[in-house]
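Source file: coords21.cif; contents: mmCIF, C-alpha atoms and all ligand atoms.
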```cif
data_upload
#
loop_
_atom_site.label_atom_id
_atom_site.label_comp_id
_atom_site.auth_asym_id
_atom_site.auth_seq_id
_atom_site.Cartn_x
_atom_site.Cartn_y
_atom_site.Cartn_z
CA MET H 970 -63.13 52.43 2.43
CA GLY H 971 -65.54 49.55 2.93
CA ILE H 972 -67.92 48.87 5.76
CA ALA H 973 -67.70 45.98 8.25
CA THR H 974 -70.92 44.19 9.20
CA VAL H 975 -71.15 41.51 11.88
CA ILE H 976 -73.77 38.80 11.39
CA THR H 977 -74.71 37.57 14.83
CA SER H 978 -77.52 36.11 16.96
CA GLY H 979 -76.43 34.85 20.36
CA LYS H 980 -78.37 31.64 20.00
CA GLY H 981 -76.80 29.01 17.76
CA GLY H 982 -78.14 27.53 14.57
CA VAL H 983 -80.49 30.32 13.55
CA GLY H 984 -78.80 30.93 10.20
CA LYS H 985 -75.85 33.32 10.69
CA SER H 986 -73.52 31.48 8.31
CA THR H 987 -76.27 30.96 5.74
CA ALA H 988 -77.13 34.67 5.92
CA SER H 989 -73.45 35.66 5.70
CA VAL H 990 -72.96 33.70 2.49
CA GLY H 991 -76.33 34.84 1.12
CA LEU H 992 -75.59 38.50 1.79
CA GLY H 993 -72.09 38.02 0.39
CA ARG H 994 -73.41 36.50 -2.81
CA ALA H 995 -76.11 39.17 -3.14
CA LEU H 996 -73.69 42.05 -2.60
CA ALA H 997 -71.21 40.51 -5.05
CA ALA H 998 -74.06 40.20 -7.58
CA ARG H 999 -74.53 43.97 -7.13
CA GLY H 1000 -70.95 44.40 -8.34
CA ARG H 1001 -69.29 44.85 -4.95
CA ARG H 1002 -66.05 43.34 -3.67
CA VAL H 1003 -67.04 41.36 -0.60
CA LEU H 1004 -64.87 39.61 1.99
CA LEU H 1005 -66.44 36.98 4.23
CA VAL H 1006 -64.54 36.60 7.49
CA ASP H 1007 -65.33 33.36 9.30
CA CYS H 1008 -64.97 34.10 13.02
CA ASP H 1009 -66.12 30.67 14.21
CA ALA H 1010 -62.73 29.29 15.27
CA GLY H 1011 -62.79 25.51 15.67
CA LEU H 1012 -66.27 25.18 14.13
CA ARG H 1013 -65.79 27.02 10.86
CA GLY H 1014 -68.32 26.44 8.11
CA LEU H 1015 -68.16 29.28 5.60
CA ASP H 1016 -65.54 27.42 3.59
CA ARG H 1017 -68.10 24.73 2.80
CA LEU H 1018 -71.07 27.09 2.35
CA SER H 1019 -69.21 29.52 0.10
CA GLY H 1020 -67.70 26.83 -2.10
CA ALA H 1021 -64.09 27.75 -1.24
CA GLU H 1022 -63.49 24.63 0.85
CA ASP H 1023 -61.14 22.66 -1.39
CA ASP H 1024 -58.62 25.45 -1.72
CA LEU H 1025 -57.85 26.25 1.92
CA VAL H 1026 -54.27 26.29 3.15
CA TYR H 1027 -54.04 29.31 5.46
CA ASP H 1028 -56.52 31.00 7.80
CA ILE H 1029 -56.89 34.25 9.72
CA SER H 1030 -54.55 33.12 12.52
CA ASP H 1031 -51.76 32.53 9.97
CA VAL H 1032 -52.16 36.16 8.86
CA VAL H 1033 -52.09 37.46 12.43
CA PHE H 1034 -49.05 35.40 13.46
CA GLY H 1035 -47.14 36.31 10.31
CA ARG H 1036 -47.10 32.84 8.76
CA CYS H 1037 -48.53 34.21 5.51
CA SER H 1038 -49.63 37.47 3.91
CA PRO H 1039 -53.34 38.44 4.00
CA ALA H 1040 -53.54 37.79 0.25
CA GLN H 1041 -52.38 34.19 0.75
CA ALA H 1042 -55.19 33.49 3.25
CA ILE H 1043 -57.98 35.07 1.21
CA TYR H 1044 -59.68 32.70 -1.23
CA PRO H 1045 -62.09 33.45 -4.09
CA CYS H 1046 -65.45 31.73 -3.62
CA ARG H 1047 -67.10 29.71 -6.32
CA THR H 1048 -69.98 32.08 -6.92
CA ARG H 1049 -70.99 30.63 -10.26
CA ASP H 1050 -72.95 27.45 -10.74
CA GLU H 1051 -70.35 25.50 -12.63
CA GLU H 1052 -72.92 23.06 -13.94
CA SER H 1053 -74.80 25.79 -15.79
CA GLU H 1054 -73.73 27.76 -18.85
CA ASP H 1055 -74.49 31.24 -17.58
CA GLY H 1056 -71.76 32.84 -15.51
CA GLY H 1057 -72.50 34.30 -12.11
CA GLU H 1058 -71.07 37.03 -9.99
CA GLU H 1059 -67.40 37.61 -9.25
CA GLY H 1060 -66.14 39.50 -6.24
CA LEU H 1061 -66.78 37.19 -3.28
CA PHE H 1062 -63.81 36.16 -1.14
CA LEU H 1063 -63.28 34.22 2.09
CA LEU H 1064 -60.85 34.64 4.97
CA PRO H 1065 -61.30 31.33 6.84
CA ALA H 1066 -61.43 30.80 10.58
CA PRO H 1067 -58.75 28.70 12.27
CA ALA H 1068 -59.54 24.99 12.37
CA LYS H 1069 -58.63 24.91 16.08
CA VAL H 1070 -60.37 27.01 18.72
CA GLU H 1071 -57.02 27.65 20.49
CA ASP H 1072 -55.95 29.69 17.44
CA MET H 1073 -58.87 32.11 17.80
CA VAL H 1074 -57.97 35.71 16.99
CA ARG H 1075 -58.76 37.96 19.95
CA PRO H 1076 -60.69 41.26 19.91
CA PRO H 1077 -57.69 43.66 20.11
CA VAL H 1078 -56.13 42.06 17.03
CA MET H 1079 -59.45 42.12 15.15
CA ARG H 1080 -59.75 45.83 15.91
CA ARG H 1081 -56.49 46.37 14.03
CA LEU H 1082 -57.01 43.84 11.22
CA ILE H 1083 -60.58 44.57 10.07
CA PRO H 1084 -60.07 48.28 9.26
CA LEU H 1085 -57.05 47.28 7.16
CA LEU H 1086 -59.17 44.76 5.23
CA CYS H 1087 -61.90 47.38 4.75
CA ARG H 1088 -59.45 49.33 2.58
CA TYR H 1089 -59.61 46.62 -0.08
CA TYR H 1090 -63.27 45.53 0.01
CA ASP H 1091 -66.60 47.33 -0.23
CA HIS H 1092 -68.06 45.00 2.39
CA VAL H 1093 -66.41 42.91 5.09
CA LEU H 1094 -68.98 40.46 6.53
CA LEU H 1095 -68.02 38.93 9.89
CA ASP H 1096 -69.78 35.64 10.60
CA SER H 1097 -70.02 35.42 14.38
CA PRO H 1098 -69.97 32.14 16.29
CA ALA H 1099 -72.92 31.24 18.50
CA GLY H 1100 -72.93 32.57 22.05
CA VAL H 1101 -71.68 35.83 23.48
CA GLY H 1102 -68.14 34.80 24.48
CA THR H 1103 -64.75 35.82 23.13
CA GLY H 1104 -65.55 34.67 19.58
CA PHE H 1105 -68.64 36.88 19.49
CA GLN H 1106 -66.65 39.79 20.94
CA ALA H 1107 -63.91 39.28 18.36
CA ALA H 1108 -66.44 39.34 15.51
CA ALA H 1109 -68.42 42.30 16.85
CA CYS H 1110 -65.69 44.56 18.22
CA ALA H 1111 -64.44 45.73 14.83
CA ALA H 1112 -67.81 46.02 13.08
CA ASP H 1113 -69.45 49.26 11.99
CA ARG H 1114 -72.90 47.70 12.15
CA ALA H 1115 -74.73 44.46 12.85
CA VAL H 1116 -77.28 42.15 11.32
CA VAL H 1117 -78.89 40.30 14.23
CA LEU H 1118 -80.61 37.04 13.34
CA CYS H 1119 -83.44 35.32 15.11
CA GLY H 1120 -86.10 32.80 14.31
CA PRO H 1121 -89.74 33.74 14.92
CA ASP H 1122 -89.67 31.94 18.28
CA PRO H 1123 -89.45 33.34 21.82
CA VAL H 1124 -86.10 31.73 22.67
CA SER H 1125 -84.12 33.14 19.79
CA VAL H 1126 -85.94 36.49 19.96
CA ARG H 1127 -84.92 36.85 23.62
CA SER H 1128 -81.36 35.99 22.60
CA ALA H 1129 -81.49 38.70 19.88
CA SER H 1130 -82.60 41.22 22.49
CA SER H 1131 -79.67 40.29 24.78
CA VAL H 1132 -77.27 40.60 21.87
CA ARG H 1133 -78.69 44.04 21.06
CA GLN H 1134 -77.71 45.20 24.54
CA LEU H 1135 -74.22 43.72 24.26
CA LEU H 1136 -73.71 45.33 20.84
CA SER H 1137 -74.86 48.67 22.23
CA GLY H 1138 -72.27 48.24 24.98
CA LEU H 1139 -69.63 47.84 22.26
CA GLY H 1140 -70.77 51.13 20.75
CA LEU H 1141 -72.66 49.65 17.80
CA LYS H 1142 -75.73 51.69 16.97
CA ASP H 1143 -76.65 50.52 13.48
CA MET H 1144 -78.44 47.17 13.89
CA ARG H 1145 -80.97 45.41 11.69
CA LEU H 1146 -83.01 42.38 12.58
CA MET H 1147 -83.17 39.44 10.18
CA ILE H 1148 -86.02 37.09 11.04
CA ASN H 1149 -84.99 33.81 9.46
CA GLN H 1150 -86.64 30.49 8.67
CA PHE H 1151 -90.08 32.06 8.80
CA ASP H 1152 -92.99 29.70 8.27
CA ARG H 1153 -96.38 31.35 8.59
CA GLY H 1154 -98.27 28.17 9.53
CA LEU H 1155 -95.81 27.24 12.27
CA PHE H 1156 -95.70 30.84 13.49
CA ARG H 1157 -99.48 30.93 13.89
CA GLU H 1158 -99.58 27.48 15.46
CA THR H 1159 -96.87 28.37 17.99
CA GLY H 1160 -98.84 31.49 18.94
CA ALA H 1161 -95.97 32.95 20.96
CA PHE H 1162 -96.33 36.34 19.27
CA ARG H 1163 -99.44 38.20 18.16
CA ASP H 1164 -97.81 39.03 14.82
CA LEU H 1165 -94.41 39.89 13.35
CA ASP H 1166 -94.52 43.34 14.93
CA GLY H 1167 -94.56 41.48 18.25
CA VAL H 1168 -91.29 39.76 17.29
CA ILE H 1169 -89.71 43.06 16.24
CA ASP H 1170 -90.83 44.80 19.44
CA ALA H 1171 -89.48 41.97 21.63
CA ALA H 1172 -86.11 42.02 19.87
CA GLY H 1173 -86.01 45.83 19.99
CA ILE H 1174 -84.24 46.04 16.63
CA ARG H 1175 -85.61 47.50 13.41
CA LEU H 1176 -86.49 44.93 10.78
CA GLY H 1177 -83.96 44.50 7.98
CA ALA H 1178 -85.22 41.27 6.46
CA LEU H 1179 -87.79 38.55 6.75
CA VAL H 1180 -86.39 35.35 5.25
CA PRO H 1181 -88.73 32.42 4.71
CA LEU H 1182 -87.89 28.84 5.50
CA ASP H 1183 -86.41 27.73 2.18
CA ARG H 1184 -85.03 24.22 1.85
CA SER H 1185 -83.81 24.85 -1.71
CA LEU H 1186 -81.57 27.67 -0.45
CA ALA H 1187 -80.27 25.57 2.46
CA ALA H 1188 -79.58 22.58 0.21
CA ALA H 1189 -77.74 24.63 -2.43
CA PHE H 1190 -75.56 26.43 0.14
CA LEU H 1191 -74.71 23.19 1.91
CA ARG H 1192 -73.31 22.00 -1.45
CA GLY H 1193 -71.35 25.25 -1.85
CA LYS H 1194 -73.63 26.36 -4.70
CA PRO H 1195 -75.64 29.53 -5.30
CA ALA H 1196 -79.35 29.41 -4.46
CA PRO H 1197 -81.52 28.25 -7.35
CA GLU H 1198 -83.23 30.80 -9.56
CA GLY H 1199 -86.28 32.30 -7.86
CA SER H 1200 -85.40 30.95 -4.40
CA PRO H 1201 -87.70 32.89 -2.03
CA GLY H 1202 -85.05 32.87 0.70
CA MET H 1203 -82.41 34.30 -1.61
CA LEU H 1204 -84.82 36.95 -2.90
CA ALA H 1205 -85.40 38.08 0.69
CA ILE H 1206 -81.66 38.10 1.40
CA SER H 1207 -81.02 40.08 -1.80
CA ARG H 1208 -83.55 42.68 -0.69
CA ALA H 1209 -81.76 42.82 2.68
CA ALA H 1210 -78.46 43.37 0.84
CA ALA H 1211 -80.00 46.29 -1.08
CA ARG H 1212 -81.21 47.79 2.21
CA LEU H 1213 -77.69 47.43 3.63
CA GLU H 1214 -76.55 49.57 0.72
CA GLY H 1215 -79.06 52.27 1.60
CA GLU H 1216 -81.85 51.39 -0.83
CA ASN H 1217 -85.38 51.87 0.36
CA VAL H 1218 -86.81 48.44 -0.43
CA PRO H 1219 -90.30 47.87 0.97
CA MET H 1220 -91.12 44.68 2.85
CA PRO H 1221 -93.02 42.23 0.64
CA ALA H 1222 -96.81 42.26 0.80
CA TRP H 1223 -96.97 38.83 2.46
CA TYR H 1224 -95.35 40.31 5.54
CA LEU H 1225 -98.49 42.31 6.14
CA SER H 1226 -101.01 39.58 5.37
N1 LIG H 1301 -83.93 30.34 5.54
C1 LIG H 1301 -83.61 29.06 5.76
N2 LIG H 1301 -84.41 28.05 5.33
C2 LIG H 1301 -84.11 26.75 5.53
N3 LIG H 1301 -83.02 26.34 6.21
C3 LIG H 1301 -82.18 27.28 6.69
C4 LIG H 1301 -82.42 28.67 6.48
N4 LIG H 1301 -81.40 29.36 7.08
C5 LIG H 1301 -80.57 28.44 7.60
N5 LIG H 1301 -81.04 27.19 7.37
C6 LIG H 1301 -80.44 25.92 7.83
O1 LIG H 1301 -80.37 25.98 9.26
C7 LIG H 1301 -79.19 25.34 9.71
C8 LIG H 1301 -78.37 26.30 10.55
O2 LIG H 1301 -77.92 27.34 9.70
P1 LIG H 1301 -76.51 28.04 9.90
O3 LIG H 1301 -75.41 27.05 9.98
O4 LIG H 1301 -76.41 29.11 8.88
O5 LIG H 1301 -76.75 28.67 11.35
P2 LIG H 1301 -75.69 29.41 12.28
O6 LIG H 1301 -76.46 30.43 13.05
O7 LIG H 1301 -74.54 29.88 11.49
O8 LIG H 1301 -75.23 28.21 13.23
P3 LIG H 1301 -74.05 28.28 14.33
O9 LIG H 1301 -74.60 29.06 15.49
O10 LIG H 1301 -73.80 26.85 14.64
O11 LIG H 1301 -72.88 28.97 13.68
C9 LIG H 1301 -78.45 24.85 8.47
O12 LIG H 1301 -78.78 23.50 8.23
C10 LIG H 1301 -79.03 25.73 7.35
O13 LIG H 1301 -78.97 25.10 6.09
MG MG H 1302 -72.46 29.53 11.77
#
```
Could you write out this file's structure as structure tokens?
Ligand SMILES: Nc1ncnc2c1ncn2[C@@H]1O[C@H](COP(=O)(O)OP(=O)(O)OP(=O)(O)O)[C@@H](O)[C@H]1O
Ligand SMILES: [Mg+2]
Amino acid sequence: MGIATVITSGKGGVGKSTASVGLGRALAARGRRVLLVDCDAGLRGLDRLSGAEDDLVYDISDVVFGRCSPAQAIYPCRTRDEESEDGGEEGLFLLPAPAKVEDMVRPPVMRRLIPLLCRYYDHVLLDSPAGVGTGFQAAACAADRAVVLCGPDPVSVRSASSVRQLLSGLGLKDMRLMINQFDRGLFRETGAFRDLDGVIDAAGIRLGALVPLDRSLAAAFLRGKPAPEGSPGMLAISRAAARLEGENVPMPAWYLS
């Protein structure tokens, strides 16, 4: 039986979909079967980021309304860099969100569907939409745990703290903070927090990952490709994936400096 993890933030544009695909790729590289579930009805993006885009016919609402079987709506992602000789990981799949927001799958249905999917995958990663409305509830209600994203700025950190309270209200206890798009120079210049411990304290969530601003990662994912070799963002996400699997991976030294 697999485990369902919601990737959420409250505030939009902090990197939930990027982190979902990154964690998916990293867990698949560890030999796991991983299902990405795009919960952003009407504004879906995981199809493009995961490289599955060209193949889509059905989505999660087709499964729920009986228009197709779950297997017909689940697509393998292009995890290998097809331009290079060396292979790449297998095991990453996508269940797309509906193209129209009216077809959003509601929380009670997600509570039934996600445990069924967890029978067939080691990890089910639920990419939450921005905000804390029905889409967020639908993504979070069936999760066993959460990765809460924020940037190192006071607005998104406050949003992460609000989301923590909402997730607690849904009964979720296991939460990890992913501080994304970290840039030390900008962080110091902004001066909103004394240090990263200040960010963690304000969010009230234990740190699961510190992901640097990494344009090479963003550019590769936006083309549906894996991150380039040695991408610092992908290395941080891979360490986060190992922690999600229970490994005790220390934070990198630059976190402390
Ligand atoms: N670590 C990073 N370094 C550089 N760019 C990043 C990083 N993480 C995300 N981005 C970029 O930030 C933008 C927003 O990312 P993304 O779409 O993953 O956010 P989101 O939280 O899913 O947004 P939404 O709330 O709209 O769903 C994208 O252009 C993405 O490429
Ligand atoms: Mg997104």
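Each of H:Pro1181, H:Gly1011, H:Gly1020, H:Gly1138 was checked against H:Pro1195 using only C-alpha atoms; the smallest atom-to-atom distance is that of H:Gly1020.
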Compile a residue-level contact table for chain H against ligand LIG 1301 (chain H) at a cut-off of 8 Å, reporting for every qualifying residue the shortest atom pair and its distance in Å to one decimal, with only C-alpha atoms and all ligand atoms counted, rows ordered by chain and ascending number, as JSON lines.
```
{"residue": "H:Thr977", "atom": "CA", "partner": "H:LIG1301", "partner_atom": "O6", "distance": 7.6}
{"residue": "H:Ser978", "atom": "CA", "partner": "H:LIG1301", "partner_atom": "O6", "distance": 7.0}
{"residue": "H:Gly979", "atom": "CA", "partner": "H:LIG1301", "partner_atom": "O9", "distance": 7.8}
{"residue": "H:Lys980", "atom": "CA", "partner": "H:LIG1301", "partner_atom": "O9", "distance": 6.4}
{"residue": "H:Gly981", "atom": "CA", "partner": "H:LIG1301", "partner_atom": "O9", "distance": 3.2}
{"residue": "H:Gly982", "atom": "CA", "partner": "H:LIG1301", "partner_atom": "O8", "distance": 3.3}
{"residue": "H:Val983", "atom": "CA", "partner": "H:LIG1301", "partner_atom": "O6", "distance": 4.1}
{"residue": "H:Gly984", "atom": "CA", "partner": "H:LIG1301", "partner_atom": "O5", "distance": 3.3}
{"residue": "H:Lys985", "atom": "CA", "partner": "H:LIG1301", "partner_atom": "O7", "distance": 3.8}
{"residue": "H:Ser986", "atom": "CA", "partner": "H:LIG1301", "partner_atom": "O7", "distance": 3.7}
{"residue": "H:Thr987", "atom": "CA", "partner": "H:LIG1301", "partner_atom": "O4", "distance": 3.6}
{"residue": "H:Ala988", "atom": "CA", "partner": "H:LIG1301", "partner_atom": "O4", "distance": 6.3}
{"residue": "H:Ser989", "atom": "CA", "partner": "H:LIG1301", "partner_atom": "O4", "distance": 7.9}
{"residue": "H:Asp1009", "atom": "CA", "partner": "H:LIG1301", "partner_atom": "O11", "distance": 7.0}
{"residue": "H:Leu1012", "atom": "CA", "partner": "H:LIG1301", "partner_atom": "O11", "distance": 7.6}
{"residue": "H:Arg1013", "atom": "CA", "partner": "H:LIG1301", "partner_atom": "O11", "distance": 7.9}
{"residue": "H:Gly1014", "atom": "CA", "partner": "H:LIG1301", "partner_atom": "O3", "distance": 7.4}
{"residue": "H:Asp1096", "atom": "CA", "partner": "H:LIG1301", "partner_atom": "O7", "distance": 7.5}
{"residue": "H:Ser1097", "atom": "CA", "partner": "H:LIG1301", "partner_atom": "O11", "distance": 7.1}
{"residue": "H:Pro1098", "atom": "CA", "partner": "H:LIG1301", "partner_atom": "O11", "distance": 5.0}
{"residue": "H:Ala1099", "atom": "CA", "partner": "H:LIG1301", "partner_atom": "O9", "distance": 4.1}
{"residue": "H:Gly1100", "atom": "CA", "partner": "H:LIG1301", "partner_atom": "O9", "distance": 7.6}
{"residue": "H:Leu1118", "atom": "CA", "partner": "H:LIG1301", "partner_atom": "O6", "distance": 7.8}
{"residue": "H:Asn1149", "atom": "CA", "partner": "H:LIG1301", "partner_atom": "N1", "distance": 5.3}
{"residue": "H:Gln1150", "atom": "CA", "partner": "H:LIG1301", "partner_atom": "N1", "distance": 4.1}
{"residue": "H:Phe1151", "atom": "CA", "partner": "H:LIG1301", "partner_atom": "N1", "distance": 7.2}
{"residue": "H:Val1180", "atom": "CA", "partner": "H:LIG1301", "partner_atom": "N1", "distance": 5.6}
{"residue": "H:Pro1181", "atom": "CA", "partner": "H:LIG1301", "partner_atom": "N1", "distance": 5.3}
{"residue": "H:Leu1182", "atom": "CA", "partner": "H:LIG1301", "partner_atom": "N2", "distance": 3.6}
{"residue": "H:Asp1183", "atom": "CA", "partner": "H:LIG1301", "partner_atom": "N2", "distance": 3.7}
{"residue": "H:Arg1184", "atom": "CA", "partner": "H:LIG1301", "partner_atom": "C2", "distance": 4.6}
{"residue": "H:Ser1185", "atom": "CA", "partner": "H:LIG1301", "partner_atom": "C2", "distance": 7.5}
{"residue": "H:Leu1186", "atom": "CA", "partner": "H:LIG1301", "partner_atom": "N2", "distance": 6.5}
{"residue": "H:Ala1187", "atom": "CA", "partner": "H:LIG1301", "partner_atom": "O13", "distance": 3.9}
{"residue": "H:Ala1188", "atom": "CA", "partner": "H:LIG1301", "partner_atom": "O13", "distance": 6.4}
{"residue": "H:Phe1190", "atom": "CA", "partner": "H:LIG1301", "partner_atom": "O13", "distance": 7.0}
{"residue": "H:Leu1191", "atom": "CA", "partner": "H:LIG1301", "partner_atom": "O13", "distance": 6.3}
{"residue": "H:Gly1202", "atom": "CA", "partner": "H:LIG1301", "partner_atom": "N1", "distance": 5.6}
```
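Taking atom CA of H:Gly1199 and atom CA of H:Gly1215 as the two end points, the separation is 23.2 Å.
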Practice problem: Tell me which protein, DNA and RNA residues are within 9 Å of H:Pro1123, counting all atoms listed in the file, leaving out same-chain ones fewer than 2 positions away, and put them as a PyMOL selection string. | Solution: chain H and resi 1120-1121+1125-1128+1161-1162+1168+1171
Contacts of H:Asp1028 at 10 Å (only C-alpha atoms; same-chain gap of 6+ positions) as a PDB file with C-alpha atoms, in the coordinates of the input:
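What follows is the written file around.pdb:
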```
ATOM      1  CA  VAL H1006     -64.540  36.600   7.490  1.00  0.00           C
ATOM      2  CA  ASP H1007     -65.330  33.360   9.300  1.00  0.00           C
ATOM      3  CA  ALA H1010     -62.730  29.290  15.270  1.00  0.00           C
ATOM      4  CA  ARG H1036     -47.100  32.840   8.760  1.00  0.00           C
ATOM      5  CA  CYS H1037     -48.530  34.210   5.510  1.00  0.00           C
ATOM      6  CA  PRO H1039     -53.340  38.440   4.000  1.00  0.00           C
ATOM      7  CA  GLN H1041     -52.380  34.190   0.750  1.00  0.00           C
ATOM      8  CA  ALA H1042     -55.190  33.490   3.250  1.00  0.00           C
ATOM      9  CA  ILE H1043     -57.980  35.070   1.210  1.00  0.00           C
ATOM     10  CA  TYR H1044     -59.680  32.700  -1.230  1.00  0.00           C
ATOM     11  CA  LEU H1063     -63.280  34.220   2.090  1.00  0.00           C
ATOM     12  CA  LEU H1064     -60.850  34.640   4.970  1.00  0.00           C
ATOM     13  CA  PRO H1065     -61.300  31.330   6.840  1.00  0.00           C
ATOM     14  CA  ALA H1066     -61.430  30.800  10.580  1.00  0.00           C
ATOM     15  CA  PRO H1067     -58.750  28.700  12.270  1.00  0.00           C
ATOM     16  CA  ALA H1068     -59.540  24.990  12.370  1.00  0.00           C
ATOM     17  CA  ASP H1072     -55.950  29.690  17.440  1.00  0.00           C
TER      18      ASP H1072
END
```
Where atoms are missing, can you supply N, CA and C atoms for stretch 996-1013 of chain H and output the lot as a PDB file, keeping the file's coordinate frame?
```pdb
ATOM      1  N   LEU H 996     -74.457  40.813  -2.438  1.00  0.00           N
ATOM      2  CA  LEU H 996     -73.690  42.050  -2.600  1.00  0.00           C
ATOM      3  C   LEU H 996     -72.708  41.927  -3.760  1.00  0.00           C
ATOM      4  N   ALA H 997     -72.116  40.734  -3.916  1.00  0.00           N
ATOM      5  CA  ALA H 997     -71.210  40.510  -5.050  1.00  0.00           C
ATOM      6  C   ALA H 997     -71.986  40.610  -6.371  1.00  0.00           C
ATOM      7  N   ALA H 998     -73.225  40.112  -6.366  1.00  0.00           N
ATOM      8  CA  ALA H 998     -74.060  40.200  -7.580  1.00  0.00           C
ATOM      9  C   ALA H 998     -74.389  41.657  -7.909  1.00  0.00           C
ATOM     10  N   ARG H 999     -74.309  42.538  -6.899  1.00  0.00           N
ATOM     11  CA  ARG H 999     -74.530  43.970  -7.130  1.00  0.00           C
ATOM     12  C   ARG H 999     -73.239  44.658  -7.584  1.00  0.00           C
ATOM     13  N   GLY H1000     -72.196  43.853  -7.814  1.00  0.00           N
ATOM     14  CA  GLY H1000     -70.950  44.400  -8.340  1.00  0.00           C
ATOM     15  C   GLY H1000     -69.956  44.824  -7.273  1.00  0.00           C
ATOM     16  N   ARG H1001     -70.192  44.435  -6.031  1.00  0.00           N
ATOM     17  CA  ARG H1001     -69.290  44.850  -4.950  1.00  0.00           C
ATOM     18  C   ARG H1001     -68.200  43.803  -4.722  1.00  0.00           C
ATOM     19  N   ARG H1002     -67.079  44.265  -4.163  1.00  0.00           N
ATOM     20  CA  ARG H1002     -66.050  43.340  -3.670  1.00  0.00           C
ATOM     21  C   ARG H1002     -66.375  43.034  -2.220  1.00  0.00           C
ATOM     22  N   VAL H1003     -66.547  41.767  -1.927  1.00  0.00           N
ATOM     23  CA  VAL H1003     -67.040  41.360  -0.600  1.00  0.00           C
ATOM     24  C   VAL H1003     -66.074  40.343   0.008  1.00  0.00           C
ATOM     25  N   LEU H1004     -65.696  40.579   1.267  1.00  0.00           N
ATOM     26  CA  LEU H1004     -64.870  39.610   1.990  1.00  0.00           C
ATOM     27  C   LEU H1004     -65.691  39.023   3.140  1.00  0.00           C
ATOM     28  N   LEU H1005     -65.833  37.697   3.104  1.00  0.00           N
ATOM     29  CA  LEU H1005     -66.440  36.980   4.230  1.00  0.00           C
ATOM     30  C   LEU H1005     -65.332  36.623   5.204  1.00  0.00           C
ATOM     31  N   VAL H1006     -65.524  36.968   6.471  1.00  0.00           N
ATOM     32  CA  VAL H1006     -64.540  36.600   7.490  1.00  0.00           C
ATOM     33  C   VAL H1006     -65.222  35.624   8.438  1.00  0.00           C
ATOM     34  N   ASP H1007     -64.750  34.379   8.418  1.00  0.00           N
ATOM     35  CA  ASP H1007     -65.330  33.360   9.300  1.00  0.00           C
ATOM     36  C   ASP H1007     -64.688  33.517  10.681  1.00  0.00           C
ATOM     37  N   CYS H1008     -65.496  33.866  11.667  1.00  0.00           N
ATOM     38  CA  CYS H1008     -64.970  34.100  13.020  1.00  0.00           C
ATOM     39  C   CYS H1008     -65.270  32.926  13.948  1.00  0.00           C
ATOM     40  N   ASP H1009     -65.723  31.822  13.392  1.00  0.00           N
ATOM     41  CA  ASP H1009     -66.120  30.670  14.210  1.00  0.00           C
ATOM     42  C   ASP H1009     -64.947  29.694  14.337  1.00  0.00           C
ATOM     43  N   ALA H1010     -63.942  30.097  15.133  1.00  0.00           N
ATOM     44  CA  ALA H1010     -62.730  29.290  15.270  1.00  0.00           C
ATOM     45  C   ALA H1010     -63.073  27.909  15.841  1.00  0.00           C
ATOM     46  N   GLY H1011     -62.560  26.884  15.206  1.00  0.00           N
ATOM     47  CA  GLY H1011     -62.790  25.510  15.670  1.00  0.00           C
ATOM     48  C   GLY H1011     -64.045  24.880  15.086  1.00  0.00           C
ATOM     49  N   LEU H1012     -65.010  25.708  14.679  1.00  0.00           N
ATOM     50  CA  LEU H1012     -66.270  25.180  14.130  1.00  0.00           C
ATOM     51  C   LEU H1012     -66.602  25.864  12.808  1.00  0.00           C
ATOM     52  N   ARG H1013     -65.564  26.217  12.071  1.00  0.00           N
ATOM     53  CA  ARG H1013     -65.790  27.020  10.860  1.00  0.00           C
ATOM     54  C   ARG H1013     -66.659  26.286   9.847  1.00  0.00           C
TER      55      ARG H1013
END
```
